[in-house]
Amino acid sequence: MNKQQIPVIVLAGFLGSGKTTLLNHLLHRSGGSRIGAIVNDFGSIEIDAMSVAGQLGDSTVSLGNGCLCCAVDASELDEYLERLARPSAGIDVIVIEASGLAEPQELVKMLLASENPHIVYGGLVEVVDAAEFDATRERHPEVDRHLGVADLVVVNKADRVPREEHERVLGVVRGLAGRAAVVAASFGRVDVELFFDRAPVGERVGQLSFDDLRDEDDLRDEGDLRGGDDPRDEAEPSDGHLHSAYESLSFVSEAPMGPRSLMALLDSRPEGLYRIKGYVDFGPSDPANRYAVHAVGRFLRFYPEPWAPGEPRLTQLVLIGSDIDVPALEKELEACREYAPQADEHGMWGVLRYVQEPDADEPDGDEPDGDELDTGEPDAEPAG
Ligand SMILES: Nc1nc2c(ncn2[C@@H]2O[C@H](COP(=O)(O)OP(=O)(O)OP(=O)(O)O)[C@@H](O)[C@H]2O)c(=O)[nH]1
């Protein structure tokens with residue numbers, strides 16, 4: 001391998017599986033290595049890019065609004081790769097965080113086809129949410145195919161399921177992942193060496209080549225990969241990509257959100273609304289903090305974090321789901337805006353029930369032992 005060539009790793013995995021969390025772990029643990037990150041958000045507000053550590057310095061770029069895998073022309077990606085791979089940028093490895101609905105093979109193909117002499121495809125990492133694995137596979141059988149083309153699979157959220165259940169999921173993933181290494185993790189805390197000191201492409205056992213991918217595609221086109229009579233075919237999006245069955249809503253509000261009305265909306269969110277992420281301003285109810293919010297399936301968490309000085313007080317949310325009524329949701333969110341000048345402290349209880357104690361749920365907290373089942377449902381009502 002040309003010493004100048006920078007490995008480009010694709011970090012993929014279904015909505016909310018923990019890709020940004022893992023990327024942040026890599027950025028924190030990168031030691032002397034400099035990571036260039038390309039973050040591809042599905043929604044038009046680039047929440048993922050905003051939550052990447054050291055965000056948007058010259059080593060992090062954001063490619064928003066739409067899945068990279070469907071870019072008609074890959075020139076924007078090429079441009080970013082070119083910028084990050086310039087020797088003057090001093091970058092050792094580039095990680096592309098795919099959107100949670102991307103088709104990883106398409107991204108890999110783009111990289112393998114790239115004529116940029118400074119980069120080399122460095123492998124596909126798939127992140128799996130152990131707690132949502134069965135349900136996601138049921139809805140999206142193509143997840144099996146994604147795992148089959150990975151080089152490394154991280155079975156994340158070990159803390160959210162009992163140990164035996166995590167072992168079972170690991171076993172199923174190993175069966176599907178064929179040539180890939182499969183590792184367990186909580187909060188994406190994997191051994192960074194798995195990403196950086198990988199063997200050169202030519203020597204890598206199991207690294208997929210462009211031809212392998214083309215062969216897989218040919219098979220898929222012939223309907224051989226998953227027999228043609230599968231009843232699940234009816235539910236499949238027309239181009240076979242996950243994201244064609246999904247819609248997203250991006251919501252921005254300068255007016256604060258009322259905690260009670262927002263919680264009423266979130267607590268009764270429709271089944272199809274699988275992923276919510278962003279930041280909420282509760283105005284006078286907590287003037288010091290913005291609340292990062294994450295919903296993945298039925299799991300919901302708020303993470304209060306102090307507003308940065310001078311930061312505009314905005315609520316910015318991206319909601320992603322299938323079979324959701326986007327205009328109705330938008331109206332409901334608009335109705336949560338609250339103009340009352342006084343705090344609604346009791347109203348905040350509903351929010352605080354979804355704020356985890358730092359030690360229990362924080363990446364920097366103690367390593368969870370894997371026996372504690374975190375259902376995502378709130379704990380006891382706070383006293384007060
Ligand atoms: N309990 C638990 N929560 C986790 C773990 N990893 C990530 N999370 C939480 O899961 C939510 C989604 O994590 P992200 O890292 O944003 O997931 P993502 O794959 O980047 O999401 P998309 O880009 O929307 O597909 C956040 O609330 C994370 O804090 C984990 O191992 N355990």
# chains A, B, ... in the order shown; residues from 1 in each chain; ligands from 1
>>> residues_near_ligand(ligand="ligand 1", cutoff="8 Å", atoms="only C-alpha atoms and all ligand atoms", output="compact mmCIF listing (two decimals) with N, CA and C atoms, in the first residue's frame")
# COMPACT_ATOMS: atom_id res chain seq x y z
N ALA A 12 -21.47 2.33 9.40
CA ALA A 12 -22.89 2.26 9.04
C ALA A 12 -23.66 1.53 10.15
N GLY A 13 -24.94 1.43 9.98
CA GLY A 13 -25.79 0.77 10.99
C GLY A 13 -27.13 1.46 11.02
N PHE A 14 -28.16 0.73 11.43
CA PHE A 14 -29.52 1.27 11.35
C PHE A 14 -29.69 2.49 12.28
N LEU A 15 -30.75 3.23 12.01
CA LEU A 15 -31.09 4.42 12.79
C LEU A 15 -30.90 4.20 14.29
N GLY A 16 -30.13 5.08 14.91
CA GLY A 16 -30.02 5.08 16.35
C GLY A 16 -29.19 3.96 16.95
N SER A 17 -28.46 3.21 16.12
CA SER A 17 -27.72 2.07 16.67
C SER A 17 -26.50 2.52 17.49
N GLY A 18 -26.03 3.74 17.27
CA GLY A 18 -24.92 4.24 18.08
C GLY A 18 -23.71 4.65 17.26
N LYS A 19 -23.91 5.01 16.01
CA LYS A 19 -22.78 5.37 15.13
C LYS A 19 -22.08 6.65 15.62
N THR A 20 -22.87 7.69 15.91
CA THR A 20 -22.26 8.95 16.35
C THR A 20 -21.55 8.75 17.68
N THR A 21 -22.16 7.94 18.56
CA THR A 21 -21.54 7.65 19.86
C THR A 21 -20.20 6.97 19.65
N LEU A 22 -20.15 6.02 18.73
CA LEU A 22 -18.90 5.30 18.46
C LEU A 22 -17.86 6.24 17.83
N LEU A 23 -18.34 7.08 16.93
CA LEU A 23 -17.40 8.02 16.29
C LEU A 23 -16.80 8.95 17.35
N ASP A 41 -26.01 13.14 7.35
CA ASP A 41 -27.30 13.15 8.04
C ASP A 41 -28.44 12.90 7.06
N PHE A 42 -29.48 12.22 7.56
CA PHE A 42 -30.64 11.97 6.71
C PHE A 42 -31.55 13.20 6.67
N ASP A 48 -26.45 15.06 13.68
CA ASP A 48 -25.29 14.19 13.91
C ASP A 48 -24.00 14.99 13.86
N SER A 51 -23.40 16.81 16.90
CA SER A 51 -23.05 16.07 18.11
C SER A 51 -21.71 15.36 18.02
N GLU A 97 -19.41 8.57 8.54
CA GLU A 97 -20.59 8.08 9.25
C GLU A 97 -21.77 8.16 8.30
N ALA A 98 -22.25 7.00 7.90
CA ALA A 98 -23.38 6.96 6.97
C ALA A 98 -24.66 7.32 7.73
N SER A 99 -25.67 7.75 7.02
CA SER A 99 -26.95 7.98 7.68
C SER A 99 -27.50 6.61 8.08
N GLY A 100 -28.41 6.61 9.05
CA GLY A 100 -28.94 5.34 9.57
C GLY A 100 -29.80 4.59 8.57
N LEU A 101 -30.01 5.17 7.39
CA LEU A 101 -30.82 4.50 6.38
C LEU A 101 -30.04 4.28 5.10
N VAL A 127 -22.76 -1.03 12.90
CA VAL A 127 -23.14 -0.99 14.31
C VAL A 127 -24.55 -1.55 14.45
N ASP A 129 -27.79 -2.32 17.16
CA ASP A 129 -28.40 -2.04 18.46
C ASP A 129 -28.94 -3.37 18.99
N ASN A 156 -23.70 -3.24 19.72
CA ASN A 156 -23.69 -2.17 20.72
C ASN A 156 -24.87 -2.29 21.68
N LYS A 157 -24.87 -1.43 22.67
CA LYS A 157 -25.94 -1.34 23.69
C LYS A 157 -26.05 -2.62 24.51
N ALA A 158 -24.88 -3.20 24.80
CA ALA A 158 -24.85 -4.39 25.66
C ALA A 158 -25.52 -4.10 27.00
N ASP A 159 -25.44 -2.84 27.43
CA ASP A 159 -26.02 -2.48 28.73
C ASP A 159 -27.54 -2.49 28.71
N ARG A 160 -28.14 -2.49 27.54
CA ARG A 160 -29.60 -2.38 27.47
C ARG A 160 -30.30 -3.73 27.48
N ALA A 185 -20.13 -4.21 22.56
CA ALA A 185 -19.76 -2.91 23.11
C ALA A 185 -20.96 -2.26 23.81
N SER A 186 -20.63 -1.35 24.70
CA SER A 186 -21.62 -0.42 25.25
C SER A 186 -21.12 0.96 24.91
N PHE A 187 -22.01 1.82 24.51
CA PHE A 187 -21.67 3.18 24.12
C PHE A 187 -20.49 3.23 23.14
N GLY A 188 -20.47 2.26 22.25
CA GLY A 188 -19.48 2.26 21.18
C GLY A 188 -18.05 2.15 21.64
N ARG A 189 -17.86 1.71 22.90
CA ARG A 189 -16.48 1.68 23.42
C ARG A 189 -15.76 0.44 22.91
N ARG A 275 -37.25 7.25 15.05
CA ARG A 275 -36.06 7.98 15.50
C ARG A 275 -36.37 9.46 15.65
N ILE A 276 -36.00 10.01 16.81
CA ILE A 276 -36.09 11.46 17.02
C ILE A 276 -34.75 11.89 17.58
N LYS A 277 -34.20 12.97 17.07
CA LYS A 277 -32.95 13.46 17.65
C LYS A 277 -32.90 14.97 17.50
N VAL A 293 -32.15 15.40 22.86
CA VAL A 293 -33.16 14.35 22.96
C VAL A 293 -32.85 13.26 21.94
N HIS A 294 -33.02 12.01 22.37
CA HIS A 294 -32.86 10.87 21.47
C HIS A 294 -33.99 9.89 21.71
N ALA A 295 -34.72 9.55 20.68
CA ALA A 295 -35.64 8.42 20.75
C ALA A 295 -35.19 7.42 19.71
N VAL A 296 -35.12 6.16 20.12
CA VAL A 296 -34.80 5.06 19.19
C VAL A 296 -35.84 3.99 19.48
N LEU A 300 -36.40 6.40 24.99
CA LEU A 300 -36.36 7.87 24.96
C LEU A 300 -35.44 8.39 26.06
N ARG A 301 -34.61 9.32 25.72
CA ARG A 301 -33.71 9.93 26.70
C ARG A 301 -33.56 11.42 26.42
N PHE A 302 -33.47 12.19 27.54
CA PHE A 302 -33.07 13.60 27.44
C PHE A 302 -31.71 13.75 28.12
N ASP A 361 -25.86 5.96 32.68
CA ASP A 361 -26.14 5.95 31.24
C ASP A 361 -25.16 6.79 30.43
N GLU A 362 -24.10 7.19 31.07
CA GLU A 362 -23.20 8.10 30.39
C GLU A 362 -21.99 7.37 29.85
N PRO A 363 -21.55 7.77 28.68
CA PRO A 363 -20.36 7.13 28.13
C PRO A 363 -19.17 7.19 29.07
N ASP A 374 -32.19 -1.89 30.64
CA ASP A 374 -32.66 -0.53 30.47
C ASP A 374 -33.71 -0.53 29.36
>>> residues_around(residues="range 334-337 of chain A", least_positions_apart="3", cutoff="6 Å", atoms="only C-alpha atoms", output="mmCIF file with C-alpha atoms, in the first residue's frame")
data_model
loop_
_atom_site.group_PDB
_atom_site.id
_atom_site.type_symbol
_atom_site.label_atom_id
_atom_site.label_comp_id
_atom_site.auth_asym_id
_atom_site.auth_seq_id
_atom_site.Cartn_x
_atom_site.Cartn_y
_atom_site.Cartn_z
ATOM 1 C CA ALA A 255 -40.066 29.933 20.674
ATOM 2 C CA PRO A 256 -39.424 27.555 23.582
ATOM 3 C CA MET A 257 -41.279 24.273 23.846
ATOM 4 C CA GLY A 258 -43.738 23.625 26.658
ATOM 5 C CA SER A 261 -47.230 19.395 25.704
ATOM 6 C CA LEU A 262 -43.980 18.067 24.246
ATOM 7 C CA LYS A 331 -48.699 20.790 13.511
#
>>> residues_around(residues="Val182 in chain A", least_positions_apart="5", cutoff="9 Å", atoms="only C-alpha atoms", output="PDB file with C-alpha atoms, in the first residue's frame")
ATOM      1  CA  ASP A 151     -15.622  -6.191   7.853  1.00  0.00           C
ATOM      2  CA  LEU A 152     -16.368  -5.492  11.508  1.00  0.00           C
ATOM      3  CA  VAL A 153     -19.695  -5.605  13.348  1.00  0.00           C
ATOM      4  CA  VAL A 154     -20.082  -3.831  16.687  1.00  0.00           C
ATOM      5  CA  VAL A 155     -23.002  -5.267  18.650  1.00  0.00           C
ATOM      6  CA  LEU A 170     -23.968 -11.903  19.179  1.00  0.00           C
ATOM      7  CA  VAL A 173     -24.878 -11.668  14.171  1.00  0.00           C
ATOM      8  CA  ARG A 174     -21.857 -13.982  13.930  1.00  0.00           C
ATOM      9  CA  ALA A 177     -21.648 -11.647   9.398  1.00  0.00           C
TER      10      ALA A 177
END
>>> closest_residue(among="A:Pro7, A:Arg260, A:Arg137, A:Asp267", to="Ile96 in chain A", atoms="only C-alpha atoms")
A:Pro7
>>> residues_around(residues="range 306-310 of chain A", least_positions_apart="6", cutoff="6 Å", atoms="only C-alpha atoms", output="mmCIF file with N, CA and C atoms, in the first residue's frame")
data_model
loop_
_atom_site.group_PDB
_atom_site.id
_atom_site.type_symbol
_atom_site.label_atom_id
_atom_site.label_comp_id
_atom_site.auth_asym_id
_atom_site.auth_seq_id
_atom_site.Cartn_x
_atom_site.Cartn_y
_atom_site.Cartn_z
ATOM 1 N N ALA A 288 -31.023 27.449 31.892
ATOM 2 C CA ALA A 288 -29.576 27.201 31.845
ATOM 3 C C ALA A 288 -29.198 26.127 30.829
ATOM 4 N N ASN A 289 -30.111 25.224 30.542
ATOM 5 C CA ASN A 289 -29.744 24.053 29.742
ATOM 6 C C ASN A 289 -30.565 23.906 28.472
ATOM 7 N N ARG A 290 -29.901 23.368 27.460
ATOM 8 C CA ARG A 290 -30.665 22.813 26.350
ATOM 9 C C ARG A 290 -30.745 21.308 26.610
#
>>> closest_residue(among="A:Gly32, A:Gly283, A:Gly321, A:Pro87", to="Gln342 in chain A", atoms="only C-alpha atoms")
A:Gly283
>>> select_by_dssp(residues="range 296-341 of chain A", states="strand (DSSP E)", output="JSON, numbers by chain")
{"A": [296, 299, 300, 301, 302, 303, 304, 305, 306, 315, 316, 317, 318, 319, 320, 321]}
>>> closest_residue(among="A:Val169, A:Val125, A:Ala328, A:Ile6", to="Leu81 in chain A", atoms="only C-alpha atoms")
A:Ile6
>>> atom_distance(atom1="CA of Leu111 in chain A", atom2="CA of Val39 in chain A")
15.1 Å
>>> residues_around(residues="Pro270 in chain A", least_positions_apart="2", cutoff="10 Å", atoms="only C-alpha atoms", output="ChimeraX atom specification")
/A:265-268,272-274,297-298,321-325,329
>>> write_last_selection(atoms="C-alpha atoms", output="JSON list (two decimals), in the first residue's frame")
[["chain", "number", "residue", "atom", "x", "y", "z"],
["A", 265, "LEU", "CA", -46.62, 14.29, 22.15],
["A", 266, "LEU", "CA", -43.56, 12.13, 22.77],
["A", 267, "ASP", "CA", -45.34, 9.73, 25.11],
["A", 268, "SER", "CA", -48.00, 9.08, 22.50],
["A", 272, "GLY", "CA", -43.72, 4.23, 12.92],
["A", 273, "LEU", "CA", -41.85, 7.20, 14.34],
["A", 274, "TYR", "CA", -38.66, 5.29, 15.02],
["A", 297, "GLY", "CA", -37.89, 2.86, 18.90],
["A", 298, "ARG", "CA", -39.65, 3.09, 22.29],
["A", 321, "GLY", "CA", -40.17, 7.21, 10.54],
["A", 322, "SER", "CA", -42.16, 5.14, 8.13],
["A", 323, "ASP", "CA", -45.91, 5.57, 7.67],
["A", 324, "ILE", "CA", -45.90, 8.79, 9.63],
["A", 325, "ASP", "CA", -48.16, 11.73, 8.96],
["A", 329, "LEU", "CA", -46.67, 15.83, 13.35]]
>>> decode(residues="range 291-322 of chain A", atoms="N, CA and C atoms", output="PDB file, in the first residue's frame")
ATOM      1  N   TYR A 291     -31.739  20.659  26.029  1.00  0.00           N
ATOM      2  CA  TYR A 291     -31.933  19.230  26.253  1.00  0.00           C
ATOM      3  C   TYR A 291     -31.732  18.475  24.955  1.00  0.00           C
ATOM      4  N   ALA A 292     -30.599  17.761  24.876  1.00  0.00           N
ATOM      5  CA  ALA A 292     -30.437  16.865  23.730  1.00  0.00           C
ATOM      6  C   ALA A 292     -31.463  15.765  23.911  1.00  0.00           C
ATOM      7  N   VAL A 293     -32.149  15.403  22.855  1.00  0.00           N
ATOM      8  CA  VAL A 293     -33.156  14.348  22.960  1.00  0.00           C
ATOM      9  C   VAL A 293     -32.854  13.259  21.939  1.00  0.00           C
ATOM     10  N   HIS A 294     -33.022  12.011  22.374  1.00  0.00           N
ATOM     11  CA  HIS A 294     -32.862  10.873  21.468  1.00  0.00           C
ATOM     12  C   HIS A 294     -33.988   9.890  21.715  1.00  0.00           C
ATOM     13  N   ALA A 295     -34.723   9.554  20.675  1.00  0.00           N
ATOM     14  CA  ALA A 295     -35.644   8.422  20.753  1.00  0.00           C
ATOM     15  C   ALA A 295     -35.185   7.419  19.707  1.00  0.00           C
ATOM     16  N   VAL A 296     -35.117   6.157  20.119  1.00  0.00           N
ATOM     17  CA  VAL A 296     -34.805   5.061  19.190  1.00  0.00           C
ATOM     18  C   VAL A 296     -35.842   3.989  19.481  1.00  0.00           C
ATOM     19  N   GLY A 297     -36.775   3.763  18.587  1.00  0.00           N
ATOM     20  CA  GLY A 297     -37.894   2.864  18.899  1.00  0.00           C
ATOM     21  C   GLY A 297     -38.658   3.436  20.083  1.00  0.00           C
ATOM     22  N   ARG A 298     -38.914   2.606  21.105  1.00  0.00           N
ATOM     23  CA  ARG A 298     -39.652   3.089  22.286  1.00  0.00           C
ATOM     24  C   ARG A 298     -38.718   3.703  23.317  1.00  0.00           C
ATOM     25  N   PHE A 299     -37.434   3.675  23.044  1.00  0.00           N
ATOM     26  CA  PHE A 299     -36.441   4.210  23.984  1.00  0.00           C
ATOM     27  C   PHE A 299     -36.389   5.735  23.858  1.00  0.00           C
ATOM     28  N   LEU A 300     -36.405   6.401  24.994  1.00  0.00           N
ATOM     29  CA  LEU A 300     -36.363   7.874  24.964  1.00  0.00           C
ATOM     30  C   LEU A 300     -35.437   8.391  26.060  1.00  0.00           C
ATOM     31  N   ARG A 301     -34.605   9.323  25.715  1.00  0.00           N
ATOM     32  CA  ARG A 301     -33.709   9.933  26.698  1.00  0.00           C
ATOM     33  C   ARG A 301     -33.558  11.419  26.424  1.00  0.00           C
ATOM     34  N   PHE A 302     -33.474  12.192  27.539  1.00  0.00           N
ATOM     35  CA  PHE A 302     -33.073  13.601  27.440  1.00  0.00           C
ATOM     36  C   PHE A 302     -31.714  13.746  28.116  1.00  0.00           C
ATOM     37  N   TYR A 303     -30.886  14.588  27.565  1.00  0.00           N
ATOM     38  CA  TYR A 303     -29.558  14.838  28.137  1.00  0.00           C
ATOM     39  C   TYR A 303     -29.394  16.349  28.279  1.00  0.00           C
ATOM     40  N   PRO A 304     -29.621  16.902  29.512  1.00  0.00           N
ATOM     41  CA  PRO A 304     -29.445  18.347  29.673  1.00  0.00           C
ATOM     42  C   PRO A 304     -27.974  18.725  29.541  1.00  0.00           C
ATOM     43  N   GLU A 305     -27.698  19.792  28.856  1.00  0.00           N
ATOM     44  CA  GLU A 305     -26.319  20.285  28.739  1.00  0.00           C
ATOM     45  C   GLU A 305     -26.383  21.807  28.706  1.00  0.00           C
ATOM     46  N   PRO A 306     -25.458  22.460  29.421  1.00  0.00           N
ATOM     47  CA  PRO A 306     -25.536  23.922  29.512  1.00  0.00           C
ATOM     48  C   PRO A 306     -25.470  24.579  28.132  1.00  0.00           C
ATOM     49  N   TRP A 307     -26.266  25.600  27.941  1.00  0.00           N
ATOM     50  CA  TRP A 307     -26.173  26.382  26.710  1.00  0.00           C
ATOM     51  C   TRP A 307     -24.789  27.015  26.628  1.00  0.00           C
ATOM     52  N   ALA A 308     -24.201  27.001  25.477  1.00  0.00           N
ATOM     53  CA  ALA A 308     -22.920  27.692  25.312  1.00  0.00           C
ATOM     54  C   ALA A 308     -23.215  29.195  25.275  1.00  0.00           C
ATOM     55  N   PRO A 309     -22.278  30.003  25.789  1.00  0.00           N
ATOM     56  CA  PRO A 309     -22.510  31.448  25.775  1.00  0.00           C
ATOM     57  C   PRO A 309     -22.774  31.921  24.343  1.00  0.00           C
ATOM     58  N   GLY A 310     -23.797  32.712  24.202  1.00  0.00           N
ATOM     59  CA  GLY A 310     -24.097  33.302  22.892  1.00  0.00           C
ATOM     60  C   GLY A 310     -24.798  32.369  21.918  1.00  0.00           C
ATOM     61  N   GLU A 311     -25.017  31.115  22.346  1.00  0.00           N
ATOM     62  CA  GLU A 311     -25.658  30.149  21.440  1.00  0.00           C
ATOM     63  C   GLU A 311     -27.131  30.509  21.248  1.00  0.00           C
ATOM     64  N   PRO A 312     -27.611  30.534  20.010  1.00  0.00           N
ATOM     65  CA  PRO A 312     -29.026  30.868  19.811  1.00  0.00           C
ATOM     66  C   PRO A 312     -29.937  29.840  20.476  1.00  0.00           C
ATOM     67  N   ARG A 313     -30.936  30.338  21.184  1.00  0.00           N
ATOM     68  CA  ARG A 313     -31.856  29.439  21.895  1.00  0.00           C
ATOM     69  C   ARG A 313     -32.872  28.895  20.907  1.00  0.00           C
ATOM     70  N   LEU A 314     -32.556  27.755  20.358  1.00  0.00           N
ATOM     71  CA  LEU A 314     -33.427  27.170  19.349  1.00  0.00           C
ATOM     72  C   LEU A 314     -33.785  25.744  19.748  1.00  0.00           C
ATOM     73  N   THR A 315     -34.965  25.322  19.319  1.00  0.00           N
ATOM     74  CA  THR A 315     -35.274  23.895  19.337  1.00  0.00           C
ATOM     75  C   THR A 315     -35.060  23.395  17.920  1.00  0.00           C
ATOM     76  N   GLN A 316     -34.277  22.344  17.782  1.00  0.00           N
ATOM     77  CA  GLN A 316     -34.012  21.783  16.445  1.00  0.00           C
ATOM     78  C   GLN A 316     -34.198  20.272  16.534  1.00  0.00           C
ATOM     79  N   LEU A 317     -35.160  19.779  15.805  1.00  0.00           N
ATOM     80  CA  LEU A 317     -35.461  18.348  15.894  1.00  0.00           C
ATOM     81  C   LEU A 317     -35.537  17.720  14.520  1.00  0.00           C
ATOM     82  N   VAL A 318     -35.065  16.488  14.446  1.00  0.00           N
ATOM     83  CA  VAL A 318     -35.271  15.683  13.232  1.00  0.00           C
ATOM     84  C   VAL A 318     -36.051  14.442  13.659  1.00  0.00           C
ATOM     85  N   LEU A 319     -37.155  14.177  12.970  1.00  0.00           N
ATOM     86  CA  LEU A 319     -37.976  13.001  13.259  1.00  0.00           C
ATOM     87  C   LEU A 319     -37.983  12.123  12.013  1.00  0.00           C
ATOM     88  N   ILE A 320     -37.693  10.841  12.198  1.00  0.00           N
ATOM     89  CA  ILE A 320     -37.605   9.934  11.045  1.00  0.00           C
ATOM     90  C   ILE A 320     -38.492   8.718  11.305  1.00  0.00           C
ATOM     91  N   GLY A 321     -39.318   8.387  10.344  1.00  0.00           N
ATOM     92  CA  GLY A 321     -40.170   7.213  10.538  1.00  0.00           C
ATOM     93  C   GLY A 321     -40.766   6.740   9.233  1.00  0.00           C
ATOM     94  N   SER A 322     -41.450   5.607   9.315  1.00  0.00           N
ATOM     95  CA  SER A 322     -42.164   5.136   8.128  1.00  0.00           C
ATOM     96  C   SER A 322     -43.655   5.171   8.461  1.00  0.00           C
TER      97      SER A 322
END
